[in-house]
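Colleague: There's a structure below that I have some questions on.
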Amino acid sequence: MKDSTENQAETEPKNRDPQSLIYIFGPCSAESEDQVLMTANEVVKKYPNAIFRSGIWKPRTRPNNFEGIGEKGLPWLQKVKKETGLRVATEVANTHHVELCLKAGIDVLWLGARTTVNPFYVQEIAEALKGVDISVYVKNPISPDLNLWIGAIERIEQAGITNVVAIHRGFQNYDSKPFRNLPQWEIPIELMAKRPDIPIICDISHICGNPKLFAGIAQKALDLNMAGLHVEVHPNPESALSDAKQQITPNELFELIEQLKFRKDNIDDPGYQAILELLRREIDDVDAGIVKLLFNRMEIIKKIGALKKENQITILQVNRWKEVVDHYITEGKAMGLSESFIKEILNSIHDESMLNQHDILNN
Ligand code: PEP
Ligand code: MN
């Protein structure tokens, strides 16, 4: 008979198996046959289920940079597939790319951030994919616009593609420091809520732009229960012809993945469930209180709006607003809340209040 600890080990859900995630690893650009084969032969040693990526056509912000090796790189990917058994992936940005990739037997196509942003391009690609059985990964658009992302996914789905995966690669903002592209986690989280059937993987290379930030962002993605990771891997990152600063060697990749914690997303333990339920009820009460307070605040705002209208006073008295923000930032900080958090919340409340008063003054 088994002893009780053995039984327990059997019933308790285990942490996520690192091998069960969707991994896309490989160089930003295919540069030479040796470079792709060398990388793939390393990746396959630890991650035989990974998808091997390599950009063949590269969308570069400025001209006169390396714009990808072009179709001459496709046989290199075929060779990777044959020699290693890894599935291979590349970016397509027009119907010509799609046709060449389908002919070459590429397993996964991805739409880049500069393509997702344009429904015309996405639609053209979708038309070219009608009736084809292939996986399509859709990167988020460069701008923080969830609907563009969902729209691109829908266009691909409407072409009959059933395996669609979203890639979160961050969003370009005026100031994205310390990242290359701001993660804005609320956007992929909303996508998860709206489309729980679409797996989302996190492209840590394009978010971070710098390997020093990889571990933190990869861990955050796993803790949000994302379905996998996308990492640019190059045998010699410093000499890479594109995105040199955000690629790591295969060994660095292995070390990175090994240091991550693959936590389970739930357990059956009744004690844990009961405490969680209790705490969630407390949160619900707090949230209900916040909404009620916002309502109360807006009612006062309306009264102030009416008073200002009567006396022909402008909506904004900037000194008063600055005092409010400074005061609550100080108070919040004393309680351990971050300045940026308080600022964001107050600004959002203030914007809504201004809108309300604007309506009152002009109606
Ligand atoms: C890439 O994956 O190399 C790439 C160009 O990414 P993105 O479209 O996210 O900028
Ligand atoms: Mn890249």
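By order in the structure tokens, chains are A, B, ...; within a chain, residues start at 1; ligands start at 1, following the order shown.
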Please identify all polymer residues within 7 Å of region 123-140 of chain A, counting only C-alpha atoms, omitting same-chain residues fewer than 6 positions from it, and present them as a list in words.

Modeller: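 Result of the neighbour search: Asn94, Thr95, Val98, Asp107, Val108, Leu109, Trp110, Leu111, Gly112, Ala113, Thr116, Trp149, Ile153, Arg155, Ile156, Ala159, Gly160, Ile161, Asn163, Val164, Val165, Ala166, Ile167, His168 and Arg169 of chain A.
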
Colleague: Suppose we keep C-alpha atoms; can you now write the selection as a short mmCIF file (atom, residue, chain, number, x, y, z; two decimals), in the first residue's frame?

Modeller:
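Result saved to result.cif:
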```cif
data_model
loop_
_atom_site.label_atom_id
_atom_site.label_comp_id
_atom_site.auth_asym_id
_atom_site.auth_seq_id
_atom_site.Cartn_x
_atom_site.Cartn_y
_atom_site.Cartn_z
CA ASN A 94 2.25 40.80 -47.40
CA THR A 95 0.70 38.16 -49.63
CA VAL A 98 2.70 34.29 -47.37
CA ASP A 107 4.95 25.92 -39.81
CA VAL A 108 4.06 29.16 -38.07
CA LEU A 109 3.59 32.63 -39.54
CA TRP A 110 3.52 35.71 -37.40
CA LEU A 111 2.16 39.18 -38.01
CA GLY A 112 4.50 41.87 -36.73
CA ALA A 113 3.48 44.87 -34.65
CA THR A 116 -1.27 44.36 -36.94
CA TRP A 149 -5.17 43.60 -31.83
CA ILE A 153 -7.04 38.16 -34.64
CA ARG A 155 -9.59 38.76 -39.53
CA ILE A 156 -7.22 35.78 -39.36
CA ALA A 159 -10.03 33.22 -42.98
CA GLY A 160 -10.57 29.85 -41.31
CA ILE A 161 -7.35 29.67 -39.29
CA ASN A 163 -4.72 27.98 -34.30
CA VAL A 164 -4.32 31.68 -33.54
CA VAL A 165 -2.02 32.81 -30.75
CA ALA A 166 -1.45 36.38 -29.51
CA ILE A 167 2.04 37.72 -28.81
CA HIS A 168 2.39 40.50 -26.26
CA ARG A 169 5.45 42.56 -27.33
#
```

Colleague: How close does chain A get to ligand 1? List, as a tab-separated table, each residue of chain A within 9 Å, its nearest atom pair and the distance in Å to one decimal, counting only C-alpha atoms and all ligand atoms.

Modeller:
```
residue	atom	partner	partner_atom_place_in_ligand_line	distance
A:Pro27	CA	ligand 1	3 (O)	8.1
A:Cys28	CA	ligand 1	3 (O)	4.7
A:Ser29	CA	ligand 1	3 (O)	6.9
A:Arg53	CA	ligand 1	2 (O)	8.4
A:Ser54	CA	ligand 1	3 (O)	7.7
A:Gly55	CA	ligand 1	3 (O)	5.9
A:Trp57	CA	ligand 1	5 (C)	9.0
A:Lys58	CA	ligand 1	5 (C)	6.2
A:Pro59	CA	ligand 1	5 (C)	6.0
A:Arg60	CA	ligand 1	5 (C)	7.6
A:Thr90	CA	ligand 1	2 (O)	8.5
A:Glu91	CA	ligand 1	2 (O)	7.3
A:Trp110	CA	ligand 1	2 (O)	8.4
A:Leu111	CA	ligand 1	8 (O)	7.0
A:Gly112	CA	ligand 1	8 (O)	3.4
A:Ala113	CA	ligand 1	8 (O)	3.8
A:Arg114	CA	ligand 1	8 (O)	5.8
A:Thr115	CA	ligand 1	8 (O)	7.5
A:Thr116	CA	ligand 1	8 (O)	8.5
A:Lys139	CA	ligand 1	9 (O)	6.1
A:Asn140	CA	ligand 1	9 (O)	7.4
A:Pro141	CA	ligand 1	8 (O)	8.0
A:Ile142	CA	ligand 1	10 (O)	7.5
A:Ile167	CA	ligand 1	9 (O)	8.2
A:His168	CA	ligand 1	9 (O)	8.2
A:Arg169	CA	ligand 1	9 (O)	5.4
A:Gly170	CA	ligand 1	9 (O)	7.8
A:Asp203	CA	ligand 1	9 (O)	7.6
A:Ser205	CA	ligand 1	2 (O)	8.4
A:His206	CA	ligand 1	9 (O)	5.9
A:Ile207	CA	ligand 1	9 (O)	8.4
A:His230	CA	ligand 1	2 (O)	8.8
A:Glu232	CA	ligand 1	3 (O)	7.9
A:Ser242	CA	ligand 1	3 (O)	8.2
A:Asp243	CA	ligand 1	3 (O)	7.6
```

Colleague: Go ahead and compute the interatomic distance for CA of Asn296 (chain A) and CA of Val324 (chain A), in Å to one decimal.

Modeller: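 About the pair CA of Asn296 (chain A) and CA of Val324 (chain A): they are 17.5 Å apart.
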
Colleague: Could you give me, as an MDAnalysis selection string, the residues within 10 Å of Ser353 (chain A), counting only C-alpha atoms and dropping anything in the same chain fewer than 3 positions from it?

Modeller: chainID A and resid 297:302 305 315 347:350 356:359

Colleague: Which of region 10-206 of chain A end up as alpha helix (DSSP H) when DSSP is run on this backbone - answer as a ChimeraX atom specification?

Modeller: /A:10-11,33-46,74-84,95-104,113-116,119-128,146-158,186-194,204-206

Colleague: Output C-alpha atoms for every residue in that selection, as a PDB file, in the first residue's frame.

Modeller:
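Result saved to result-v9.pdb:
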```
ATOM      1  CA  GLU A  10      -0.517  12.233  -6.588  1.00  0.00           C
ATOM      2  CA  THR A  11      -3.610  14.360  -6.014  1.00  0.00           C
ATOM      3  CA  GLU A  33      22.764  29.241 -42.829  1.00  0.00           C
ATOM      4  CA  ASP A  34      25.391  28.554 -40.169  1.00  0.00           C
ATOM      5  CA  GLN A  35      23.936  31.077 -37.764  1.00  0.00           C
ATOM      6  CA  VAL A  36      20.394  29.651 -37.897  1.00  0.00           C
ATOM      7  CA  LEU A  37      21.549  26.036 -37.757  1.00  0.00           C
ATOM      8  CA  MET A  38      23.962  26.699 -34.914  1.00  0.00           C
ATOM      9  CA  THR A  39      21.226  28.389 -32.867  1.00  0.00           C
ATOM     10  CA  ALA A  40      18.595  25.751 -33.642  1.00  0.00           C
ATOM     11  CA  ASN A  41      20.957  22.886 -32.806  1.00  0.00           C
ATOM     12  CA  GLU A  42      21.493  24.401 -29.350  1.00  0.00           C
ATOM     13  CA  VAL A  43      17.827  25.286 -28.717  1.00  0.00           C
ATOM     14  CA  VAL A  44      16.627  21.773 -29.581  1.00  0.00           C
ATOM     15  CA  LYS A  45      18.898  20.204 -26.946  1.00  0.00           C
ATOM     16  CA  LYS A  46      16.774  21.650 -24.126  1.00  0.00           C
ATOM     17  CA  LEU A  74      13.720  30.100 -46.457  1.00  0.00           C
ATOM     18  CA  PRO A  75      15.755  26.972 -47.395  1.00  0.00           C
ATOM     19  CA  TRP A  76      17.807  27.572 -44.232  1.00  0.00           C
ATOM     20  CA  LEU A  77      14.633  27.262 -42.170  1.00  0.00           C
ATOM     21  CA  GLN A  78      13.694  24.134 -44.114  1.00  0.00           C
ATOM     22  CA  LYS A  79      17.078  22.724 -43.165  1.00  0.00           C
ATOM     23  CA  VAL A  80      16.519  23.602 -39.483  1.00  0.00           C
ATOM     24  CA  LYS A  81      13.239  21.711 -39.625  1.00  0.00           C
ATOM     25  CA  LYS A  82      14.833  18.689 -41.260  1.00  0.00           C
ATOM     26  CA  GLU A  83      17.909  18.535 -39.058  1.00  0.00           C
ATOM     27  CA  THR A  84      16.373  19.356 -35.689  1.00  0.00           C
ATOM     28  CA  THR A  95       0.702  38.161 -49.627  1.00  0.00           C
ATOM     29  CA  HIS A  96       3.974  37.535 -51.452  1.00  0.00           C
ATOM     30  CA  HIS A  97       5.635  36.587 -48.165  1.00  0.00           C
ATOM     31  CA  VAL A  98       2.702  34.293 -47.373  1.00  0.00           C
ATOM     32  CA  GLU A  99       2.929  32.494 -50.718  1.00  0.00           C
ATOM     33  CA  LEU A 100       6.682  31.932 -50.401  1.00  0.00           C
ATOM     34  CA  CYS A 101       6.336  30.661 -46.818  1.00  0.00           C
ATOM     35  CA  LEU A 102       3.542  28.257 -47.708  1.00  0.00           C
ATOM     36  CA  LYS A 103       5.640  26.869 -50.556  1.00  0.00           C
ATOM     37  CA  ALA A 104       8.610  26.471 -48.200  1.00  0.00           C
ATOM     38  CA  ALA A 113       3.484  44.873 -34.651  1.00  0.00           C
ATOM     39  CA  ARG A 114       3.733  47.163 -37.684  1.00  0.00           C
ATOM     40  CA  THR A 115       1.372  44.912 -39.641  1.00  0.00           C
ATOM     41  CA  THR A 116      -1.265  44.362 -36.944  1.00  0.00           C
ATOM     42  CA  PRO A 119      -6.308  46.417 -41.094  1.00  0.00           C
ATOM     43  CA  PHE A 120      -5.634  46.629 -44.868  1.00  0.00           C
ATOM     44  CA  TYR A 121      -2.433  44.585 -44.556  1.00  0.00           C
ATOM     45  CA  VAL A 122      -4.017  42.147 -42.134  1.00  0.00           C
ATOM     46  CA  GLN A 123      -7.000  41.605 -44.427  1.00  0.00           C
ATOM     47  CA  GLU A 124      -4.750  40.937 -47.426  1.00  0.00           C
ATOM     48  CA  ILE A 125      -2.749  38.393 -45.470  1.00  0.00           C
ATOM     49  CA  ALA A 126      -5.952  36.794 -44.181  1.00  0.00           C
ATOM     50  CA  GLU A 127      -7.248  36.430 -47.773  1.00  0.00           C
ATOM     51  CA  ALA A 128      -3.999  34.733 -48.782  1.00  0.00           C
ATOM     52  CA  LEU A 146      -6.675  46.498 -27.871  1.00  0.00           C
ATOM     53  CA  ASN A 147      -9.325  46.653 -30.589  1.00  0.00           C
ATOM     54  CA  LEU A 148      -6.733  46.706 -33.374  1.00  0.00           C
ATOM     55  CA  TRP A 149      -5.170  43.605 -31.835  1.00  0.00           C
ATOM     56  CA  ILE A 150      -8.525  41.814 -31.484  1.00  0.00           C
ATOM     57  CA  GLY A 151      -9.510  42.981 -34.978  1.00  0.00           C
ATOM     58  CA  ALA A 152      -6.386  41.426 -36.509  1.00  0.00           C
ATOM     59  CA  ILE A 153      -7.038  38.159 -34.643  1.00  0.00           C
ATOM     60  CA  GLU A 154     -10.621  38.138 -35.917  1.00  0.00           C
ATOM     61  CA  ARG A 155      -9.590  38.761 -39.528  1.00  0.00           C
ATOM     62  CA  ILE A 156      -7.216  35.781 -39.360  1.00  0.00           C
ATOM     63  CA  GLU A 157      -9.900  33.638 -37.720  1.00  0.00           C
ATOM     64  CA  GLN A 158     -12.421  34.606 -40.373  1.00  0.00           C
ATOM     65  CA  GLU A 186      -3.693  45.791 -18.513  1.00  0.00           C
ATOM     66  CA  ILE A 187      -4.064  45.378 -22.294  1.00  0.00           C
ATOM     67  CA  PRO A 188      -3.112  41.678 -22.565  1.00  0.00           C
ATOM     68  CA  ILE A 189      -5.076  41.062 -19.353  1.00  0.00           C
ATOM     69  CA  GLU A 190      -8.155  42.553 -20.995  1.00  0.00           C
ATOM     70  CA  LEU A 191      -7.514  40.408 -24.057  1.00  0.00           C
ATOM     71  CA  MET A 192      -7.398  37.327 -21.779  1.00  0.00           C
ATOM     72  CA  ALA A 193     -10.723  38.364 -20.261  1.00  0.00           C
ATOM     73  CA  LYS A 194     -12.353  39.011 -23.649  1.00  0.00           C
ATOM     74  CA  ILE A 204      10.332  39.577 -23.546  1.00  0.00           C
ATOM     75  CA  SER A 205      12.967  40.677 -26.094  1.00  0.00           C
ATOM     76  CA  HIS A 206      10.856  43.366 -27.723  1.00  0.00           C
TER      77      HIS A 206
END
```

Colleague: Have a look at A:Leu260, A:Ile360, A:Ile304, A:Val233 and name the one nearest to ligand 2; count only C-alpha atoms and all ligand atoms.

Modeller: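 Of all the options, A:Val233 lies closest to ligand 2.
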